[in-house]
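Student: Sending over a structure as structure tokens; questions will come in a sec.
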Amino acid sequence: MIDRRSLIGAMATVPLASRVAAQAAPAAQAQAAPAAQAMTPWPPAEHFPLWPGRPPGARATLPKPNPSMNGPAGRQELWLRGTANPIVAVFRPERPDGRAVLTIPGGGYGFVSIQNEGIDVAKTLNPHGITVFALSYRLPSEGWDDQANVPLQDAQRAMRLIRANATRYGIDAGKLGIVGFSAGGHLAASLTVGYDDKVYTPVDAADRQSAKPRFSGLVYPVASLSTPNTHPGSRDNLLGPNPDPATKARYDTPRRINASTPPLFLVHAVDDGLVPLDQSIDVLTQARAAKVPVEAHFFEKGGHGFGAMSAPEGAPARLWPDLFDRWIAQTLKS
């Protein structure tokens, strides 16, 4: 099995697609993985599609769903590829308090780490009363027109649909925020600064809702695709080989932070060998310059991809969901 760091670091994009039903792992993977680590069921019973028909930019041939179990021995996790019909999974807490978070998994824009940075996020935030929505978004390099805007189309649409159906989900539309990881952190940052960018044609009444997050958590994010210390796989998968300067500038998220940007919460490990700490420091610097409320937690150890539950028991990096919960509560009072 290839672990996440090795795969993202090399990141040779393979064509793939979206709404994934639970199914058995391929035979080769089943032999390599322990019997207890069967394919995680996906999607959960409660979920909804983003688009009423074919998504924006759909071509004649759509990607085909290709889920797999990946990661180091003892920590196999579900990755999604080939998303043709993106969905949002709904995870409800036993005692909802009205707060809600759209979680956006990473994967270098070459896969979606739906378990480590989606399902497990719900497991950690639900006990705090937070309703969690996990986004299974389309991958830009899998054959879509308007490639660079494909993930942001899905993220904007998800926020608008959640707000339009806030009563159904038992949440306060004014207490809806986001959290994104790695390349999903870039998508979360893109939504944070580009919530009003016109990246798709409205399809129904839900698109009259705002896509602006009330607050934004960025966990080991790929913040900018233009700086020398960016993650090249994420950059190439999103922008393609020859992006025009205007598109590159739109997705250089720190440079777009301004007084209207929602409050920011940053998490990063100093020893991250894949996405440098400088990416989060860049966001922190720009937020302070724009006088945007920002809180940052930089852990000495943790590496990359520790998600919500994958850091070792007792490690400081495992505490960030509790800090995030407290920060959200404080932010909503301001």
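Residue numbering restarts at 1 in every chain; chains get A, B, ... in the order shown in the structure tokens, and ligands count up from 1 in that same order.
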List as a PDB file with N, CA and C atoms, in the first residue's frame the protein and nucleic acid residues near Arg168 of chain A, meaning an atom at most 12 Å away when only C-alpha atoms are counted, but skip any in the same chain fewer than 6 places from it.

Tutor:
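Output file around13.pdb is given in full below:
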```pdb
ATOM      1  N   GLU A  46     -27.694   9.352   5.119  1.00  0.00           N
ATOM      2  CA  GLU A  46     -28.180  10.720   4.879  1.00  0.00           C
ATOM      3  C   GLU A  46     -27.148  11.504   4.081  1.00  0.00           C
ATOM      4  N   VAL A  90     -24.297  13.985   5.530  1.00  0.00           N
ATOM      5  CA  VAL A  90     -24.778  14.691   6.724  1.00  0.00           C
ATOM      6  C   VAL A  90     -24.538  13.829   7.960  1.00  0.00           C
ATOM      7  N   ARG A  92     -25.209  14.052  11.966  1.00  0.00           N
ATOM      8  CA  ARG A  92     -25.919  14.816  12.985  1.00  0.00           C
ATOM      9  C   ARG A  92     -25.456  14.419  14.394  1.00  0.00           C
ATOM     10  N   GLY A  98     -27.054  23.985  16.935  1.00  0.00           N
ATOM     11  CA  GLY A  98     -27.260  24.972  15.882  1.00  0.00           C
ATOM     12  C   GLY A  98     -26.024  25.267  15.058  1.00  0.00           C
ATOM     13  N   THR A 131     -23.192  19.990  13.903  1.00  0.00           N
ATOM     14  CA  THR A 131     -23.606  19.186  12.753  1.00  0.00           C
ATOM     15  C   THR A 131     -22.528  19.306  11.680  1.00  0.00           C
ATOM     16  N   LEU A 161     -26.779  25.135  -0.627  1.00  0.00           N
ATOM     17  CA  LEU A 161     -27.803  24.128  -0.372  1.00  0.00           C
ATOM     18  C   LEU A 161     -27.989  23.886   1.128  1.00  0.00           C
ATOM     19  N   ILE A 162     -26.907  23.873   1.870  1.00  0.00           N
ATOM     20  CA  ILE A 162     -27.021  23.690   3.321  1.00  0.00           C
ATOM     21  C   ILE A 162     -27.822  24.841   3.929  1.00  0.00           C
TER      22      ILE A 162
END
```

Student: Near Ala206 of chain A, counting only C-alpha atoms, which residues have an atom at most 12 Å away, once you skip same-chain residues fewer than 2 positions from it, shown as a count of residues only?

Tutor: 21

Student: Just the residues within 8 Å of Ala148 of chain A, please, counting only C-alpha atoms, with nothing from its chain fewer than 3 positions along; format it as a list of chain:residue names.

Tutor: A:Pro140, A:Pro151, A:Leu238, A:Leu239, A:Gly240, A:Thr247

Student: I'd like a table as CSV: residues in segment 179-291 of chain A with an atom no more than 8 Å from segment 299-306 of chain A, each row giving the shortest atom pair and its distance in Å to one decimal, only C-alpha atoms counted, sorted by chain and rising residue number.

Tutor:
```
residue,atom,partner,partner_atom,distance
A:Phe181,CA,A:Gly305,CA,7.9
A:Ser182,CA,A:Gly305,CA,7.5
A:Tyr220,CA,A:His304,CA,7.1
A:Val267,CA,A:Phe299,CA,7.8
A:His268,CA,A:Phe299,CA,6.3
A:Ala269,CA,A:Phe299,CA,4.6
A:Val270,CA,A:Glu300,CA,5.0
A:Asp271,CA,A:Gly303,CA,5.3
A:Asp272,CA,A:Gly303,CA,4.1
A:Gly273,CA,A:Gly303,CA,6.4
A:Leu274,CA,A:His304,CA,6.4
A:Val275,CA,A:His304,CA,7.3
```

Student: Would you export the selected residues with all heavy atoms as a compact mmCIF listing (two decimals), in the first residue's frame, please?

Tutor:
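The resulting file, again.txt, is reproduced below:
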```txt
# COMPACT_ATOMS: atom_id res chain seq x y z
N PHE A 181 -8.63 20.75 4.73
CA PHE A 181 -7.34 20.11 5.03
C PHE A 181 -6.48 20.03 3.77
O PHE A 181 -6.94 19.58 2.72
CB PHE A 181 -7.59 18.68 5.54
CG PHE A 181 -8.45 18.62 6.78
CD1 PHE A 181 -9.84 18.75 6.68
CD2 PHE A 181 -7.88 18.44 8.02
CE1 PHE A 181 -10.64 18.70 7.82
CE2 PHE A 181 -8.68 18.39 9.17
CZ PHE A 181 -10.06 18.52 9.06
N SER A 182 -5.21 20.44 3.89
CA SER A 182 -4.26 20.29 2.80
C SER A 182 -4.78 20.95 1.52
O SER A 182 -5.09 22.15 1.53
CB SER A 182 -3.93 18.80 2.59
OG SER A 182 -2.80 18.63 1.79
N TYR A 220 -3.30 22.45 8.03
CA TYR A 220 -2.13 22.26 7.15
C TYR A 220 -2.49 22.59 5.70
O TYR A 220 -2.29 21.79 4.78
CB TYR A 220 -1.50 20.86 7.29
CG TYR A 220 -2.44 19.67 7.42
CD1 TYR A 220 -3.01 19.06 6.31
CD2 TYR A 220 -2.71 19.13 8.68
CE1 TYR A 220 -3.84 17.97 6.43
CE2 TYR A 220 -3.55 18.03 8.81
CZ TYR A 220 -4.10 17.45 7.68
OH TYR A 220 -4.94 16.35 7.79
N VAL A 267 -4.20 25.60 11.68
CA VAL A 267 -3.53 24.47 12.34
C VAL A 267 -2.44 23.96 11.41
O VAL A 267 -2.68 23.74 10.21
CB VAL A 267 -4.52 23.33 12.65
CG1 VAL A 267 -3.79 22.12 13.23
CG2 VAL A 267 -5.62 23.79 13.60
N HIS A 268 -1.23 23.74 11.95
CA HIS A 268 -0.14 23.23 11.12
C HIS A 268 0.91 22.61 12.04
O HIS A 268 1.04 23.01 13.20
CB HIS A 268 0.50 24.36 10.30
CG HIS A 268 0.88 23.99 8.91
ND1 HIS A 268 0.35 24.59 7.78
CD2 HIS A 268 1.73 23.05 8.44
CE1 HIS A 268 0.86 24.06 6.70
NE2 HIS A 268 1.72 23.12 7.06
N ALA A 269 1.63 21.64 11.53
CA ALA A 269 2.77 21.07 12.25
C ALA A 269 4.06 21.67 11.68
O ALA A 269 4.22 21.78 10.46
CB ALA A 269 2.79 19.55 12.11
N VAL A 270 4.95 22.03 12.58
CA VAL A 270 6.22 22.63 12.15
C VAL A 270 7.02 21.65 11.31
O VAL A 270 7.75 22.04 10.39
CB VAL A 270 7.02 23.09 13.39
CG1 VAL A 270 8.40 23.62 12.98
CG2 VAL A 270 6.25 24.16 14.15
N ASP A 271 6.88 20.34 11.60
CA ASP A 271 7.67 19.34 10.89
C ASP A 271 6.95 18.79 9.66
O ASP A 271 7.33 17.72 9.14
CB ASP A 271 8.06 18.19 11.83
CG ASP A 271 6.87 17.35 12.29
OD1 ASP A 271 5.71 17.78 12.08
OD2 ASP A 271 7.09 16.28 12.88
N ASP A 272 5.94 19.48 9.17
CA ASP A 272 5.23 19.04 7.96
C ASP A 272 6.21 19.06 6.79
O ASP A 272 6.71 20.11 6.39
CB ASP A 272 4.05 19.98 7.69
CG ASP A 272 3.10 19.46 6.60
OD1 ASP A 272 3.59 18.82 5.65
OD2 ASP A 272 1.89 19.70 6.72
N GLY A 273 6.48 17.87 6.24
CA GLY A 273 7.44 17.76 5.14
C GLY A 273 6.80 17.83 3.77
O GLY A 273 7.51 17.73 2.76
N LEU A 274 5.49 18.03 3.70
CA LEU A 274 4.81 18.04 2.41
C LEU A 274 4.27 19.43 2.07
O LEU A 274 4.49 19.93 0.97
CB LEU A 274 3.66 17.03 2.42
CG LEU A 274 3.00 16.76 1.08
CD1 LEU A 274 3.99 16.12 0.10
CD2 LEU A 274 1.79 15.83 1.25
N VAL A 275 3.56 20.03 3.01
CA VAL A 275 3.06 21.40 2.84
C VAL A 275 3.75 22.25 3.91
O VAL A 275 3.42 22.13 5.10
CB VAL A 275 1.53 21.47 2.98
CG1 VAL A 275 1.05 22.91 2.88
CG2 VAL A 275 0.86 20.62 1.91
```

Student: Thr227 of chain A: which residues within 9 Å, counting only C-alpha atoms, same-chain residues fewer than 2 positions away excluded, as a PDB file with N, CA, C and O atoms, in the first residue's frame?

Tutor:
```pdb
ATOM      1  N   SER A 224      -1.462  28.985  -1.008  1.00  0.00           N
ATOM      2  CA  SER A 224      -1.168  29.651  -2.275  1.00  0.00           C
ATOM      3  C   SER A 224      -0.591  28.651  -3.266  1.00  0.00           C
ATOM      4  O   SER A 224       0.186  27.775  -2.891  1.00  0.00           O
ATOM      5  N   LEU A 225      -0.974  28.794  -4.535  1.00  0.00           N
ATOM      6  CA  LEU A 225      -0.410  27.940  -5.584  1.00  0.00           C
ATOM      7  C   LEU A 225       0.656  28.676  -6.379  1.00  0.00           C
ATOM      8  O   LEU A 225       1.213  28.127  -7.324  1.00  0.00           O
ATOM      9  N   ASN A 229       7.160  27.726  -2.374  1.00  0.00           N
ATOM     10  CA  ASN A 229       7.049  26.638  -1.398  1.00  0.00           C
ATOM     11  C   ASN A 229       5.670  25.980  -1.427  1.00  0.00           C
ATOM     12  O   ASN A 229       5.281  25.335  -0.460  1.00  0.00           O
ATOM     13  N   THR A 230       4.934  26.131  -2.518  1.00  0.00           N
ATOM     14  CA  THR A 230       3.630  25.494  -2.617  1.00  0.00           C
ATOM     15  C   THR A 230       3.777  23.989  -2.816  1.00  0.00           C
ATOM     16  O   THR A 230       4.889  23.471  -3.019  1.00  0.00           O
ATOM     17  N   ASP A 252      -4.524  32.481  -5.535  1.00  0.00           N
ATOM     18  CA  ASP A 252      -3.487  32.835  -4.563  1.00  0.00           C
ATOM     19  C   ASP A 252      -4.229  33.440  -3.371  1.00  0.00           C
ATOM     20  O   ASP A 252      -4.363  34.651  -3.238  1.00  0.00           O
ATOM     21  N   GLN A 279       3.124  28.174   4.455  1.00  0.00           N
ATOM     22  CA  GLN A 279       1.825  28.397   3.837  1.00  0.00           C
ATOM     23  C   GLN A 279       0.836  28.979   4.844  1.00  0.00           C
ATOM     24  O   GLN A 279       0.095  29.913   4.546  1.00  0.00           O
TER      25      GLN A 279
END
```

Student: Looking only at the backbone, which of the residues in segment 73-260 of chain A does DSSP tag as strand (DSSP E), as a ChimeraX atom specification?

Tutor: /A:77-79,87-91,100-104,131-136,176-181,216-219

Student: For the selection you just gave me, I'd like the residues written to a file as a PDB file, in the first residue's frame, keeping C-alpha atoms.

Tutor:
```
ATOM      1  CA  GLU A  77      -8.544   4.911   5.120  1.00  0.00           C
ATOM      2  CA  LEU A  78     -11.069   5.476   2.357  1.00  0.00           C
ATOM      3  CA  TRP A  79     -10.055   7.665  -0.581  1.00  0.00           C
ATOM      4  CA  ILE A  87     -22.524  14.794  -2.796  1.00  0.00           C
ATOM      5  CA  VAL A  88     -22.612  16.123   0.740  1.00  0.00           C
ATOM      6  CA  ALA A  89     -22.914  13.621   3.587  1.00  0.00           C
ATOM      7  CA  VAL A  90     -24.778  14.691   6.724  1.00  0.00           C
ATOM      8  CA  PHE A  91     -23.581  13.717  10.197  1.00  0.00           C
ATOM      9  CA  ALA A 100     -22.552  23.505  11.582  1.00  0.00           C
ATOM     10  CA  VAL A 101     -19.340  22.866   9.661  1.00  0.00           C
ATOM     11  CA  LEU A 102     -18.755  21.870   6.045  1.00  0.00           C
ATOM     12  CA  THR A 103     -15.587  19.752   6.092  1.00  0.00           C
ATOM     13  CA  ILE A 104     -13.489  19.676   2.913  1.00  0.00           C
ATOM     14  CA  THR A 131     -23.606  19.186  12.753  1.00  0.00           C
ATOM     15  CA  VAL A 132     -21.014  18.169  10.172  1.00  0.00           C
ATOM     16  CA  PHE A 133     -21.442  18.080   6.403  1.00  0.00           C
ATOM     17  CA  ALA A 134     -18.687  16.232   4.493  1.00  0.00           C
ATOM     18  CA  LEU A 135     -18.039  17.288   0.903  1.00  0.00           C
ATOM     19  CA  SER A 136     -17.172  14.741  -1.771  1.00  0.00           C
ATOM     20  CA  LEU A 176     -22.357  27.674   9.296  1.00  0.00           C
ATOM     21  CA  GLY A 177     -18.593  27.566   8.830  1.00  0.00           C
ATOM     22  CA  ILE A 178     -16.017  25.415   7.082  1.00  0.00           C
ATOM     23  CA  VAL A 179     -12.847  23.457   7.776  1.00  0.00           C
ATOM     24  CA  GLY A 180     -10.471  22.261   5.071  1.00  0.00           C
ATOM     25  CA  PHE A 181      -7.344  20.105   5.025  1.00  0.00           C
ATOM     26  CA  SER A 216     -13.044  29.181   8.381  1.00  0.00           C
ATOM     27  CA  GLY A 217     -10.670  26.548   9.705  1.00  0.00           C
ATOM     28  CA  LEU A 218      -7.594  25.763   7.605  1.00  0.00           C
ATOM     29  CA  VAL A 219      -5.632  22.672   8.658  1.00  0.00           C
TER      30      VAL A 219
END
```

Student: Rank nothing, just name the residue among A:Gly106, A:Gly184, A:Pro93, A:Pro263 nearest to Ala122 of chain A, using only C-alpha atoms.

Tutor: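 Of A:Gly106, A:Gly184, A:Pro93, A:Pro263, the one nearest Ala122 of chain A is A:Pro93, counting only C-alpha atoms.
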
Student: From the options A:Ile119, A:Ala45, A:Val294, A:Leu187, which residue's atoms come nearest to Ala308 of chain A, counting only C-alpha atoms?

Tutor: A:Ile119

Student: DSSP says alpha helix (DSSP H) for which residues of segment 91-286 of chain A? Put them as JSON, numbers by chain?

Tutor: {"A": [120, 121, 122, 123, 124, 125, 150, 151, 152, 153, 154, 155, 156, 157, 158, 159, 160, 161, 162, 163, 164, 166, 167, 168, 169, 183, 184, 185, 186, 187, 188, 189, 190, 191, 192, 193, 194, 232, 233, 234, 235, 236, 237, 238, 239, 245, 246, 247, 248, 249, 250, 278, 279, 280, 281, 282, 283, 284, 285, 286]}

Student: Between A:Gly53, A:Arg59, A:Thr167, A:Ser234, which one has atoms that come closest to Phe111 of chain A, using only C-alpha atoms?

Tutor: A:Ser234
